[in-house]
file structure38.cif (mmCIF, C-alpha atoms)
data_final
loop_
_atom_site.label_atom_id
_atom_site.label_comp_id
_atom_site.auth_asym_id
_atom_site.auth_seq_id
_atom_site.Cartn_x
_atom_site.Cartn_y
_atom_site.Cartn_z
CA MET A 21 82.12 77.69 152.70
CA ASP A 22 83.93 75.05 154.63
CA THR A 23 81.95 74.48 157.80
CA SER A 24 84.88 72.85 159.58
CA LEU A 25 86.48 76.28 159.90
CA SER A 26 83.46 77.87 161.55
CA LEU A 27 85.34 77.65 164.84
CA PHE A 28 87.36 80.67 163.69
CA GLY A 29 84.44 82.82 162.59
CA ASP A 30 84.35 84.42 159.16
CA TYR A 31 86.45 83.13 156.29
CA GLN A 32 89.91 84.64 156.08
CA VAL A 33 92.93 83.87 153.93
CA ILE A 34 94.95 82.75 156.92
CA HIS A 35 92.65 79.77 157.47
CA ASN A 36 94.06 78.14 154.35
CA TYR A 37 97.39 78.01 156.14
CA LEU A 38 96.20 76.40 159.37
CA PRO A 39 96.96 72.88 158.09
CA ILE A 40 100.54 73.98 157.40
CA LEU A 41 100.86 75.33 160.93
CA VAL A 42 99.45 72.10 162.38
CA PHE A 43 101.88 70.16 160.20
CA ILE A 44 104.85 72.22 161.43
CA ILE A 45 103.79 71.82 165.07
CA PHE A 46 103.47 68.05 164.64
CA ALA A 47 106.83 67.83 162.86
CA PHE A 48 108.59 69.73 165.66
CA ALA A 49 106.73 67.83 168.37
CA PHE A 50 107.66 64.49 166.79
CA ALA A 51 111.34 65.39 166.47
CA ILE A 52 111.64 66.82 169.97
CA GLY A 53 109.51 64.04 171.46
CA THR A 54 111.68 61.36 169.86
CA LEU A 55 114.85 63.01 171.17
CA ILE A 56 113.45 63.28 174.71
CA PHE A 57 112.12 59.71 174.65
CA SER A 58 115.40 58.24 173.42
CA TYR A 59 117.27 60.30 176.02
CA LEU A 60 115.10 58.80 178.73
CA VAL A 61 115.28 55.15 177.70
CA ARG A 62 118.80 54.72 176.24
CA PRO A 63 121.80 53.55 178.26
CA ASN A 64 124.45 56.30 178.43
CA LYS A 65 128.04 54.97 178.37
CA PRO A 66 130.16 57.40 176.34
CA ASP A 67 133.79 56.70 175.50
CA PRO A 68 136.16 58.67 173.21
CA GLU A 69 135.69 56.19 170.40
CA LYS A 70 131.92 56.63 170.45
CA LEU A 71 132.09 60.42 170.73
CA SER A 72 134.31 60.84 167.67
CA PRO A 73 132.50 61.80 164.45
CA TYR A 74 131.44 58.88 162.29
CA GLU A 75 133.39 58.83 159.02
CA CYS A 76 132.51 55.61 157.17
CA GLY A 77 133.89 53.54 160.03
CA ILE A 78 137.51 54.61 159.62
CA PRO A 79 139.25 57.01 162.05
CA PRO A 80 138.63 60.68 161.11
CA MET A 81 141.42 62.06 158.92
CA MET A 82 141.27 65.80 159.60
CA ASP A 83 139.15 68.68 160.87
CA ALA A 84 135.68 68.72 159.37
CA ARG A 85 135.84 72.47 158.84
CA GLU A 86 138.31 72.57 156.01
CA ARG A 87 138.12 75.32 153.41
CA PHE A 88 135.61 74.91 150.64
CA SER A 89 136.34 75.53 147.01
CA ILE A 90 135.32 78.93 145.64
CA ARG A 91 133.22 77.06 143.05
CA PHE A 92 130.58 76.30 145.66
CA PHE A 93 130.18 80.02 146.17
CA ILE A 94 129.98 80.75 142.44
CA ILE A 95 127.34 78.08 141.89
CA ALA A 96 125.31 79.25 144.90
CA MET A 97 125.54 82.84 143.68
CA LEU A 98 124.29 81.93 140.21
CA PHE A 99 121.53 79.87 141.83
CA LEU A 100 120.48 82.86 143.95
CA LEU A 101 120.28 85.28 141.03
CA PHE A 102 118.43 82.87 138.73
CA ASP A 103 116.16 81.99 141.65
CA VAL A 104 115.10 85.64 141.78
CA GLU A 105 114.49 85.49 138.03
CA VAL A 106 112.20 82.47 138.47
CA VAL A 107 110.38 84.29 141.27
CA PHE A 108 109.54 87.00 138.74
CA LEU A 109 108.49 84.36 136.18
CA TYR A 110 105.95 82.84 138.52
CA PRO A 111 103.37 85.67 138.76
CA TRP A 112 103.94 86.27 135.04
CA ALA A 113 102.88 82.70 134.27
CA VAL A 114 99.77 83.13 136.42
CA VAL A 115 98.60 86.28 134.61
CA TYR A 116 99.89 85.32 131.16
CA ASN A 117 96.40 84.82 129.72
CA LYS A 118 95.35 88.29 130.83
CA ILE A 119 98.26 90.33 129.45
CA GLY A 120 98.96 88.40 126.25
CA LEU A 121 101.63 89.41 123.72
CA TYR A 122 102.60 92.53 125.66
CA GLY A 123 103.54 90.42 128.66
CA PHE A 124 105.36 87.93 126.45
CA VAL A 125 107.57 90.63 124.92
CA GLU A 126 108.43 92.22 128.27
CA MET A 127 109.35 88.88 129.80
CA MET A 128 111.48 87.97 126.78
CA LEU A 129 113.33 91.27 127.26
CA PHE A 130 113.84 90.42 130.95
CA ILE A 131 115.16 86.97 130.12
CA ALA A 132 117.37 88.35 127.33
CA ILE A 133 119.08 90.75 129.75
CA LEU A 134 119.71 87.95 132.22
CA LEU A 135 120.89 85.70 129.40
CA VAL A 136 123.77 88.16 128.89
CA GLY A 137 124.84 87.42 132.46
CA TYR A 138 124.48 83.70 131.86
CA ILE A 139 126.67 83.86 128.74
CA TYR A 140 129.21 85.97 130.64
CA ALA A 141 129.36 83.40 133.44
CA TRP A 142 129.73 80.62 130.91
CA ARG A 143 132.52 82.36 128.98
CA LYS A 144 134.37 83.19 132.21
CA GLY A 145 134.36 79.51 133.08
CA ALA A 146 132.19 79.95 136.19
CA LEU A 147 130.17 76.87 135.25
CA GLU A 148 133.22 74.61 134.80
CA TRP A 149 133.99 72.28 137.68
CA GLU A 150 137.47 71.08 136.62
CA MET B 25 92.78 84.00 166.79
CA HIS B 26 94.74 86.58 164.80
CA GLN B 27 96.02 88.14 168.02
CA ILE B 28 97.54 84.89 169.27
CA PHE B 29 99.24 84.23 165.95
CA PHE B 30 100.53 87.76 165.64
CA TRP B 31 102.05 87.87 169.12
CA GLY B 32 103.51 84.39 168.74
CA PHE B 33 105.13 85.08 165.38
CA ALA B 34 106.28 88.57 166.37
CA LEU B 35 107.91 87.42 169.61
CA LEU B 36 109.64 84.52 167.86
CA ALA B 37 110.87 86.81 165.07
CA VAL B 38 112.27 89.38 167.51
CA PHE B 39 113.84 86.65 169.66
CA SER B 40 115.55 85.07 166.63
CA ALA B 41 116.70 88.49 165.39
CA LEU B 42 118.26 89.22 168.81
CA MET B 43 119.97 85.83 168.71
CA VAL B 44 121.43 86.65 165.27
CA ILE B 45 123.30 89.67 166.57
CA THR B 46 124.35 88.22 169.93
CA ARG B 47 125.68 84.74 169.08
CA ARG B 48 129.45 84.46 169.06
CA ASN B 49 129.54 81.56 166.60
CA VAL B 50 128.70 82.81 163.13
CA VAL B 51 127.03 79.51 162.14
CA HIS B 52 124.56 79.89 165.03
CA SER B 53 123.82 83.42 163.81
CA ALA B 54 123.08 82.05 160.35
CA LEU B 55 120.72 79.40 161.74
CA PHE B 56 118.83 81.98 163.78
CA LEU B 57 118.64 84.20 160.71
CA ILE B 58 116.86 81.38 158.84
CA SER B 59 114.42 81.12 161.73
CA THR B 60 113.83 84.90 161.61
CA PHE B 61 113.05 84.69 157.89
CA PHE B 62 110.49 81.95 158.51
CA TRP B 63 108.68 83.93 161.22
CA VAL B 64 108.66 87.05 159.06
CA ALA B 65 107.12 84.92 156.28
CA ALA B 66 104.43 83.89 158.76
CA ILE B 67 103.78 87.58 159.47
CA TYR B 68 103.36 88.12 155.71
CA ILE B 69 100.72 85.40 155.63
CA LEU B 70 98.87 87.17 158.45
CA LEU B 71 98.96 90.25 156.22
CA GLU B 72 97.60 88.19 153.31
CA ALA B 73 100.71 88.67 151.18
CA GLU B 74 100.93 85.02 150.21
CA LEU B 75 103.16 85.48 147.18
CA LEU B 76 105.60 87.49 149.23
CA ALA B 77 105.65 84.85 151.97
CA ALA B 78 106.56 82.22 149.37
CA ILE B 79 109.23 84.51 147.90
CA GLN B 80 110.59 85.15 151.39
CA ILE B 81 111.10 81.43 151.98
CA LEU B 82 112.34 80.68 148.43
CA VAL B 83 114.80 83.53 148.08
CA TYR B 84 115.82 84.37 151.64
CA ALA B 85 115.66 81.08 153.50
CA GLY B 86 116.43 79.06 150.38
CA ALA B 87 119.03 80.90 148.35
CA ILE B 88 120.55 83.78 150.34
CA MET B 89 121.17 81.57 153.36
CA VAL B 90 122.87 78.92 151.19
CA LEU B 91 125.18 81.63 149.90
CA ILE B 92 125.92 82.93 153.42
CA VAL B 93 126.60 79.44 154.77
CA PHE B 94 128.93 78.67 151.83
CA THR B 95 130.79 81.90 152.51
CA ILE B 96 131.17 80.95 156.17
CA LEU B 97 132.60 77.58 155.13
CA LEU B 98 134.79 79.23 152.53
CA ILE B 99 136.55 81.73 154.75
CA HIS B 100 136.80 79.44 157.76
CA VAL B 101 136.36 81.95 160.54
CA GLU B 102 137.26 80.80 163.97
CA GLU B 103 134.86 81.94 166.67
CA THR B 104 135.02 85.65 167.21
CA LYS B 105 137.39 86.73 169.92
CA ILE B 106 135.86 88.03 173.13
CA ILE B 107 138.44 90.77 173.37
CA ASN B 108 136.86 93.81 171.86
CA PRO B 109 139.24 96.53 170.64
CA TRP B 110 136.44 99.05 170.45
CA GLN B 111 134.66 98.61 173.76
CA ARG B 112 133.11 102.04 173.72
CA GLN B 113 131.28 101.49 170.45
CA ARG B 114 128.84 98.94 171.83
CA PRO B 115 127.11 101.06 174.53
CA ILE B 116 126.87 103.98 172.12
CA ALA B 117 125.27 101.80 169.45
CA ILE B 118 122.77 100.29 171.89
CA LEU B 119 121.96 103.73 173.29
CA LEU B 120 121.34 105.07 169.80
CA GLY B 121 119.17 102.07 168.96
CA VAL B 122 117.08 102.54 172.11
CA PHE B 123 116.71 106.25 171.33
CA LEU B 124 115.56 105.50 167.79
CA LEU B 125 113.11 102.91 169.07
CA GLY B 126 111.71 105.35 171.64
CA GLU B 127 111.33 107.94 168.94
CA ILE B 128 109.43 105.52 166.71
CA PHE B 129 107.20 104.49 169.63
CA LEU B 130 106.47 108.13 170.36
CA ILE B 131 105.54 108.86 166.75
CA LEU B 132 103.43 105.73 166.40
CA SER B 133 101.54 106.43 169.62
CA ARG B 134 100.54 109.89 168.40
CA ALA B 135 100.15 109.22 164.69
CA LEU B 136 96.73 109.24 163.10
CA PHE B 137 96.45 106.43 160.61
CA PRO B 138 93.85 106.47 157.87
CA GLU B 139 91.05 104.08 158.67
CA SER B 140 91.97 100.56 157.65
CA ILE B 141 90.15 99.37 154.54
CA ALA B 142 91.64 95.90 154.66
CA GLY B 143 88.18 94.32 154.37
CA THR B 144 87.55 95.55 150.85
CA ALA B 145 90.87 94.24 149.58
CA LEU B 146 90.00 90.92 151.15
CA GLN B 147 86.94 90.47 148.94
CA GLN B 148 88.80 91.53 145.84
CA VAL B 149 91.74 89.24 146.49
CA ALA B 150 89.45 86.33 147.39
CA GLN B 151 88.11 86.49 143.85
CA GLU B 152 91.35 86.46 141.90
CA GLY B 153 94.05 85.49 144.37
CA ASN B 154 97.04 87.39 145.63
CA THR B 155 99.52 86.14 143.00
CA GLU B 156 97.26 87.12 140.13
CA ALA B 157 96.51 90.56 141.57
CA VAL B 158 100.22 91.23 142.12
CA GLY B 159 101.11 89.90 138.67
CA LYS B 160 98.59 92.12 136.93
CA LEU B 161 99.93 95.23 138.60
CA LEU B 162 103.60 94.22 138.27
CA TYR B 163 103.51 93.55 134.53
CA THR B 164 101.47 96.59 133.54
CA LYS B 165 101.93 99.55 135.85
CA TYR B 166 105.34 98.61 137.25
CA LEU B 167 106.83 97.33 134.00
CA PHE B 168 109.81 99.68 134.03
CA PRO B 169 111.06 98.86 137.56
CA PHE B 170 110.68 95.21 136.64
CA GLU B 171 112.97 95.57 133.63
CA VAL B 172 115.42 97.61 135.70
CA ALA B 173 115.48 94.76 138.23
CA SER B 174 116.85 92.49 135.49
CA ILE B 175 119.71 94.92 134.86
CA LEU B 176 120.38 95.02 138.60
CA LEU B 177 120.58 91.23 138.69
CA LEU B 178 122.88 91.26 135.65
CA ALA B 179 125.17 93.79 137.31
CA ALA B 180 125.19 91.74 140.53
CA MET B 181 126.06 88.58 138.61
CA ILE B 182 128.94 90.17 136.72
CA GLY B 183 130.20 91.96 139.82
CA ALA B 184 130.21 88.82 141.93
CA ILE B 185 131.97 86.80 139.23
CA VAL B 186 134.65 89.49 138.81
CA MET B 187 135.20 89.59 142.59
CA ALA B 188 135.45 85.84 142.98
CA LYS B 189 137.01 84.82 139.66
CA ARG B 190 140.69 85.12 140.48
CA GLU B 191 140.72 81.62 141.87
CA ILE B 192 138.87 80.15 138.92
CA GLU B 193 141.54 81.23 136.47
CA LYS B 194 144.27 79.81 138.65
CA MET C 27 91.88 92.78 163.86
CA ILE C 28 95.42 93.88 164.68
CA PRO C 29 96.03 97.63 164.37
CA ILE C 30 98.60 98.75 161.85
CA SER C 31 100.79 100.27 164.57
CA HIS C 32 101.57 96.77 165.89
CA TYR C 33 103.03 95.75 162.56
CA LEU C 34 104.90 99.02 162.20
CA THR C 35 106.38 98.58 165.68
CA LEU C 36 107.46 95.03 164.84
CA GLY C 37 109.13 96.27 161.65
CA ALA C 38 110.85 99.06 163.59
CA ILE C 39 112.12 96.66 166.27
CA ILE C 40 113.59 94.27 163.71
CA PHE C 41 115.13 97.20 161.81
CA ILE C 42 116.75 98.54 164.99
CA ILE C 43 118.04 95.10 166.01
CA GLY C 44 119.63 94.93 162.56
CA SER C 45 121.19 98.38 162.87
CA ILE C 46 122.57 97.60 166.33
CA GLY C 47 124.07 94.46 164.82
CA VAL C 48 125.71 96.50 162.07
CA LEU C 49 127.16 98.95 164.60
CA THR C 50 128.40 96.49 167.21
CA ARG C 51 129.60 93.37 165.42
CA LYS C 52 133.10 93.01 164.00
CA ASN C 53 132.54 90.06 161.69
CA ALA C 54 131.74 91.26 158.17
CA ILE C 55 129.43 88.29 157.51
CA ILE C 56 127.32 89.07 160.59
CA ILE C 57 127.19 92.71 159.46
CA LEU C 58 125.75 91.54 156.13
CA MET C 59 123.25 89.32 157.95
CA SER C 60 122.20 92.32 160.05
CA ILE C 61 121.61 94.29 156.85
CA GLU C 62 119.30 91.49 155.70
CA LEU C 63 117.45 91.88 159.02
CA MET C 64 117.06 95.61 158.39
CA LEU C 65 115.65 94.94 154.92
CA ASN C 66 113.18 92.50 156.47
CA GLY C 67 112.03 95.11 158.95
CA VAL C 68 111.40 97.55 156.11
CA ASN C 69 109.50 94.88 154.17
CA ILE C 70 107.18 94.26 157.12
CA THR C 71 106.35 97.98 157.17
CA LEU C 72 105.66 98.03 153.42
CA VAL C 73 103.41 94.96 153.55
CA ALA C 74 101.56 96.27 156.62
CA PHE C 75 100.69 99.49 154.79
CA SER C 76 99.79 97.50 151.68
CA TYR C 77 97.32 95.43 153.70
CA HIS C 78 95.74 98.23 155.66
CA LEU C 79 95.38 100.60 152.72
CA ALA C 80 94.23 97.80 150.37
CA ASP C 81 96.89 98.77 147.84
CA LEU C 82 99.16 96.10 146.36
CA THR C 83 101.91 98.58 145.47
CA GLY C 84 103.57 97.96 148.84
CA GLN C 85 103.86 94.25 148.13
CA ILE C 86 105.34 94.91 144.69
CA PHE C 87 107.88 97.24 146.23
CA ALA C 88 108.70 94.54 148.77
CA ILE C 89 109.36 92.09 145.92
CA PHE C 90 111.84 94.57 144.45
CA VAL C 91 113.45 94.90 147.87
CA VAL C 92 113.92 91.12 147.90
CA ALA C 93 115.55 91.30 144.44
CA VAL C 94 117.88 94.07 145.66
CA ALA C 95 118.68 92.02 148.77
CA ALA C 96 119.64 89.08 146.55
CA GLY C 97 121.98 91.24 144.48
CA GLU C 98 123.40 92.80 147.62
CA ALA C 99 124.07 89.40 149.18
CA ALA C 100 125.78 88.11 146.01
CA VAL C 101 128.06 91.13 145.59
CA GLY C 102 128.61 91.74 149.32
CA LEU C 103 129.67 88.17 150.03
CA ALA C 104 131.90 88.16 146.94
CA ILE C 105 133.58 91.32 148.29
CA ILE C 106 134.04 89.63 151.68
CA ILE C 107 135.66 86.64 149.95
CA ALA C 108 137.96 88.88 147.89
CA LEU C 109 138.83 90.80 151.07
CA PHE C 110 139.55 87.61 152.96
CA ARG C 111 141.80 86.48 150.13
CA CYS C 112 144.09 89.50 150.28
CA ARG C 113 143.85 90.44 153.99
CA ALA C 114 143.12 87.01 155.53
CA THR C 115 140.58 88.55 157.91
CA VAL C 116 136.91 89.48 157.97
CA ASN C 117 137.19 91.62 161.09
CA VAL C 118 136.12 95.10 160.01
CA ASP C 119 138.36 96.72 162.64
CA GLU C 120 141.45 95.29 161.00
CA ILE C 121 140.50 96.57 157.56
CA GLN C 122 141.43 100.21 157.96
CA LEU C 123 143.51 101.17 154.97
CA LEU C 124 141.15 104.00 154.05
CA LYS C 125 140.86 105.24 157.63
CA TRP C 126 142.77 108.37 158.67
#
call {"tool": "encode", "arguments": {"input": "structure38.cif", "output": "structure tokens"}}
result
Amino acid sequence: MDTSLSLFGDYQVIHNYLPILVFIIFAFAFAIGTLIFSYLVRPNKPDPEKLSPYECGIPPMMDARERFSIRFFIIAMLFLLFDVEVVFLYPWAVVYNKIGLYGFVEMMLFIAILLVGYIYAWRKGALEWE
Amino acid sequence: MHQIFFWGFALLAVFSALMVITRRNVVHSALFLISTFFWVAAIYILLEAELLAAIQILVYAGAIMVLIVFTILLIHVEETKIINPWQRQRPIAILLGVFLLGEIFLILSRALFPESIAGTALQQVAQEGNTEAVGKLLYTKYLFPFEVASILLLAAMIGAIVMAKREIEK
Amino acid sequence: MIPISHYLTLGAIIFIIGSIGVLTRKNAIIILMSIELMLNGVNITLVAFSYHLADLTGQIFAIFVVAVAAGEAAVGLAIIIALFRCRATVNVDEIQLLKW
């Protein structure tokens, strides 16, 4: 066993995730530290021109919160549902060697049912951007 | 060690959840909801449900939040008005919530739980890994719910396209 | 070792925060987000029992809950968009055609 973890006693699953936690803490500390440091050292002379949002150097044309096209929603929705499908594929791939042909057939059935939805979305023009 | 992590994650999760329902700006609510999902994923890791923690971040923080944020942009809500036409609903709801919470506390404080056997699962999972153990069970014993889930996703896909499609045809 | 009741209490608190959100907020999107919170509270309970009883069924059920939450978000938000298109509001107090 890894002796460097002996500080925390017996081996537990959570110890594999300590590096991630340390990474997150450092990432947050760096971001917040940089903001605080730059706040302390920078000169602060705001004027309306500087406070306006930066839009490629030209004056802003309109409100940033204009309405989005419905297509963004459709694409995000298809992404969400196929994301869930991939989430089911992942443990299947891990145990594929153990369950063999049986697992292959059941996953093909799963994909076939979702393929119907994919074809429906395609035929309805949900994947077109024009 | 576990205690510190549990209390830290739990307090952050509850704080973010409270922020979700109290912020006036819906975008702030959405950001705090992402934070809640991350802390709940951390709780799953404490409970050694690693696959579920990954799914939580992939599906909830990754996909569902994208959809919610796109919807917010799509319908362009101005910040919710402070004037509340149904003032009396809020105290009643909070009172009911506090009652329900008290009830759950009462039951939990008196309940007798079976002795935890978490240690034995630990050894078993350490050998094959959480994802493999879940996969084995999911694709043998729970095969039927798994196939039904695909039909649910199909129905959701068709339903959402029908609801949103009017503007595509235009 | 954290007792199971701690996890159950955490799940209950998040569930109740979600239900208070559903009951008090007027914005349909925030109501949907509160429902996601409630589902998360339930998932914590399922996973806590799964861990303490050394039975993976709870985790599998939680995965199905996530799949249902995804479907619910897709259809629910599509309904909100359709509603916004014909009523131009997402305030649930102004959508009262079926109320008597």
call {"tool": "residues_near_point", "arguments": {"input": "structure38.cif", "point": "(115.9, 85.9, 150.7)", "cutoff": "12 Å", "atoms": "all atoms listed in the file", "output": "ChimeraX atom specification"}}
result
/A:100-101,103-104,107 /B:57-58,60-62,64-65,76-92 /C:59,61-63,65-66,69,88-100
call {"tool": "closest_atom_pairs", "arguments": {"input": "structure38.cif", "of": "chain A", "to": "chain B", "cutoff": "9 Å", "atoms": "all atoms listed in the file", "output": "CSV"}}
result
residue,atom,partner,partner_atom,distance
A:Phe28,CA,B:Met25,CA,7.1
A:Gln32,CA,B:Leu146,CA,8.0
A:Val33,CA,B:Glu72,CA,6.4
A:Ile34,CA,B:Leu70,CA,6.1
A:Tyr37,CA,B:Ile69,CA,8.1
A:Arg85,CA,B:Leu97,CA,7.1
A:Glu86,CA,B:His100,CA,7.2
A:Arg87,CA,B:Leu98,CA,5.2
A:Phe88,CA,B:Leu98,CA,4.8
A:Ser89,CA,B:Leu98,CA,6.8
A:Ile90,CA,B:Leu98,CA,6.9
A:Arg91,CA,B:Ile192,CA,7.7
A:Phe92,CA,B:Phe94,CA,6.8
A:Phe93,CA,B:Phe94,CA,6.0
A:Ile94,CA,B:Ile185,CA,7.1
A:Ala96,CA,B:Leu91,CA,5.5
A:Met97,CA,B:Leu91,CA,6.3
A:Leu98,CA,B:Met181,CA,7.1
A:Phe99,CA,B:Ala87,CA,7.1
A:Leu100,CA,B:Ala87,CA,5.0
A:Leu101,CA,B:Leu177,CA,6.4
A:Phe102,CA,B:Leu177,CA,8.6
A:Asp103,CA,B:Val83,CA,6.8
A:Val104,CA,B:Val83,CA,6.7
A:Glu105,CA,B:Ser174,CA,7.8
A:Val107,CA,B:Ile79,CA,6.7
A:Phe108,CA,B:Phe170,CA,8.6
A:Tyr110,CA,B:Thr155,CA,8.5
A:Pro111,CA,B:Gly159,CA,4.8
A:Trp112,CA,B:Gly159,CA,5.9
A:Ala113,CA,B:Gly159,CA,8.6
A:Val114,CA,B:Glu156,CA,6.0
A:Val115,CA,B:Glu156,CA,5.7
A:Tyr116,CA,B:Gly159,CA,8.9
A:Lys118,CA,B:Lys160,CA,7.9
A:Ile119,CA,B:Lys160,CA,7.7
A:Tyr122,CA,B:Thr164,CA,8.9
A:Gly123,CA,B:Tyr163,CA,6.7
A:Glu126,CA,B:Glu171,CA,7.8
A:Met127,CA,B:Glu171,CA,8.5
A:Leu129,CA,B:Glu171,CA,7.7
A:Phe130,CA,B:Ser174,CA,5.8
A:Ile131,CA,B:Ser174,CA,7.9
A:Ile133,CA,B:Ser174,CA,6.4
A:Leu134,CA,B:Leu178,CA,5.7
A:Leu135,CA,B:Leu178,CA,8.6
A:Val136,CA,B:Leu178,CA,7.5
A:Gly137,CA,B:Leu178,CA,5.4
A:Tyr138,CA,B:Met181,CA,8.5
A:Tyr140,CA,B:Ile182,CA,7.4
A:Ala141,CA,B:Ile185,CA,7.2
A:Lys144,CA,B:Lys189,CA,8.1
A:Gly145,CA,B:Ile192,CA,7.4
A:Ala146,CA,B:Ile192,CA,7.2
A:Glu148,CA,B:Ile192,CA,8.9
call {"tool": "write_last_selection", "arguments": {"input": "structure38.cif", "atoms": "C-alpha atoms", "output": "PDB file, keeping the file's coordinate frame"}}
result
ATOM      1  CA  PHE A  28      87.360  80.670 163.690  1.00  0.00           C
ATOM      2  CA  GLN A  32      89.910  84.640 156.080  1.00  0.00           C
ATOM      3  CA  VAL A  33      92.930  83.870 153.930  1.00  0.00           C
ATOM      4  CA  ILE A  34      94.950  82.750 156.920  1.00  0.00           C
ATOM      5  CA  TYR A  37      97.390  78.010 156.140  1.00  0.00           C
ATOM      6  CA  ARG A  85     135.840  72.470 158.840  1.00  0.00           C
ATOM      7  CA  GLU A  86     138.310  72.570 156.010  1.00  0.00           C
ATOM      8  CA  ARG A  87     138.120  75.320 153.410  1.00  0.00           C
ATOM      9  CA  PHE A  88     135.610  74.910 150.640  1.00  0.00           C
ATOM     10  CA  SER A  89     136.340  75.530 147.010  1.00  0.00           C
ATOM     11  CA  ILE A  90     135.320  78.930 145.640  1.00  0.00           C
ATOM     12  CA  ARG A  91     133.220  77.060 143.050  1.00  0.00           C
ATOM     13  CA  PHE A  92     130.580  76.300 145.660  1.00  0.00           C
ATOM     14  CA  PHE A  93     130.180  80.020 146.170  1.00  0.00           C
ATOM     15  CA  ILE A  94     129.980  80.750 142.440  1.00  0.00           C
ATOM     16  CA  ALA A  96     125.310  79.250 144.900  1.00  0.00           C
ATOM     17  CA  MET A  97     125.540  82.840 143.680  1.00  0.00           C
ATOM     18  CA  LEU A  98     124.290  81.930 140.210  1.00  0.00           C
ATOM     19  CA  PHE A  99     121.530  79.870 141.830  1.00  0.00           C
ATOM     20  CA  LEU A 100     120.480  82.860 143.950  1.00  0.00           C
ATOM     21  CA  LEU A 101     120.280  85.280 141.030  1.00  0.00           C
ATOM     22  CA  PHE A 102     118.430  82.870 138.730  1.00  0.00           C
ATOM     23  CA  ASP A 103     116.160  81.990 141.650  1.00  0.00           C
ATOM     24  CA  VAL A 104     115.100  85.640 141.780  1.00  0.00           C
ATOM     25  CA  GLU A 105     114.490  85.490 138.030  1.00  0.00           C
ATOM     26  CA  VAL A 107     110.380  84.290 141.270  1.00  0.00           C
ATOM     27  CA  PHE A 108     109.540  87.000 138.740  1.00  0.00           C
ATOM     28  CA  TYR A 110     105.950  82.840 138.520  1.00  0.00           C
ATOM     29  CA  PRO A 111     103.370  85.670 138.760  1.00  0.00           C
ATOM     30  CA  TRP A 112     103.940  86.270 135.040  1.00  0.00           C
ATOM     31  CA  ALA A 113     102.880  82.700 134.270  1.00  0.00           C
ATOM     32  CA  VAL A 114      99.770  83.130 136.420  1.00  0.00           C
ATOM     33  CA  VAL A 115      98.600  86.280 134.610  1.00  0.00           C
ATOM     34  CA  TYR A 116      99.890  85.320 131.160  1.00  0.00           C
ATOM     35  CA  LYS A 118      95.350  88.290 130.830  1.00  0.00           C
ATOM     36  CA  ILE A 119      98.260  90.330 129.450  1.00  0.00           C
ATOM     37  CA  TYR A 122     102.600  92.530 125.660  1.00  0.00           C
ATOM     38  CA  GLY A 123     103.540  90.420 128.660  1.00  0.00           C
ATOM     39  CA  GLU A 126     108.430  92.220 128.270  1.00  0.00           C
ATOM     40  CA  MET A 127     109.350  88.880 129.800  1.00  0.00           C
ATOM     41  CA  LEU A 129     113.330  91.270 127.260  1.00  0.00           C
ATOM     42  CA  PHE A 130     113.840  90.420 130.950  1.00  0.00           C
ATOM     43  CA  ILE A 131     115.160  86.970 130.120  1.00  0.00           C
ATOM     44  CA  ILE A 133     119.080  90.750 129.750  1.00  0.00           C
ATOM     45  CA  LEU A 134     119.710  87.950 132.220  1.00  0.00           C
ATOM     46  CA  LEU A 135     120.890  85.700 129.400  1.00  0.00           C
ATOM     47  CA  VAL A 136     123.770  88.160 128.890  1.00  0.00           C
ATOM     48  CA  GLY A 137     124.840  87.420 132.460  1.00  0.00           C
ATOM     49  CA  TYR A 138     124.480  83.700 131.860  1.00  0.00           C
ATOM     50  CA  TYR A 140     129.210  85.970 130.640  1.00  0.00           C
ATOM     51  CA  ALA A 141     129.360  83.400 133.440  1.00  0.00           C
ATOM     52  CA  LYS A 144     134.370  83.190 132.210  1.00  0.00           C
ATOM     53  CA  GLY A 145     134.360  79.510 133.080  1.00  0.00           C
ATOM     54  CA  ALA A 146     132.190  79.950 136.190  1.00  0.00           C
ATOM     55  CA  GLU A 148     133.220  74.610 134.800  1.00  0.00           C
TER      56      GLU A 148
END
call {"tool": "closest_residue", "arguments": {"input": "structure38.cif", "among": "C:Cys112, C:Leu124, C:Gly37, C:Gly47", "to": "chain B", "atoms": "only C-alpha atoms"}}
result
C:Gly47
call {"tool": "resolve_selection", "arguments": {"input": "structure38.cif", "expression": "the PyMOL selection byres ((chain C and resi 46) around 8)", "output": "list in words"}}
result
Ile45, Ala117, Ile118 and Gly121 of chain B; Ile42, Ile43, Gly44, Ser45, Gly47, Val48, Leu49 and Thr50 of chain C
call {"tool": "atom_distance", "arguments": {"input": "structure38.cif", "atom1": "atom CA of C:Phe110", "atom2": "atom CA of B:Thr46"}}
result
22.8 Å
call {"tool": "resolve_selection", "arguments": {"input": "structure38.cif", "expression": "the PyMOL selection byres ((chain C and resi 27) around 8)", "output": "PyMOL selection string"}}
result
(chain B and resi 26-27) or (chain C and resi 28-29)
call {"tool": "closest_residue", "arguments": {"input": "structure38.cif", "among": "A:Ile95, A:Val42, A:Ala132, A:Phe50", "to": "chain C", "atoms": "all atoms listed in the file"}}
result
A:Ile95
call {"tool": "atom_distance", "arguments": {"input": "structure38.cif", "atom1": "atom CA of C:Ser60", "atom2": "atom CA of B:Ser40"}}
result
11.8 Å
call {"tool": "residues_around", "arguments": {"input": "structure38.cif", "residues": "stretch 125-131 of chain B", "least_positions_apart": "6", "cutoff": "8 Å", "atoms": "all atoms listed in the file", "output": "PyMOL selection string"}}
result
chain C and resi 35+38-39+42
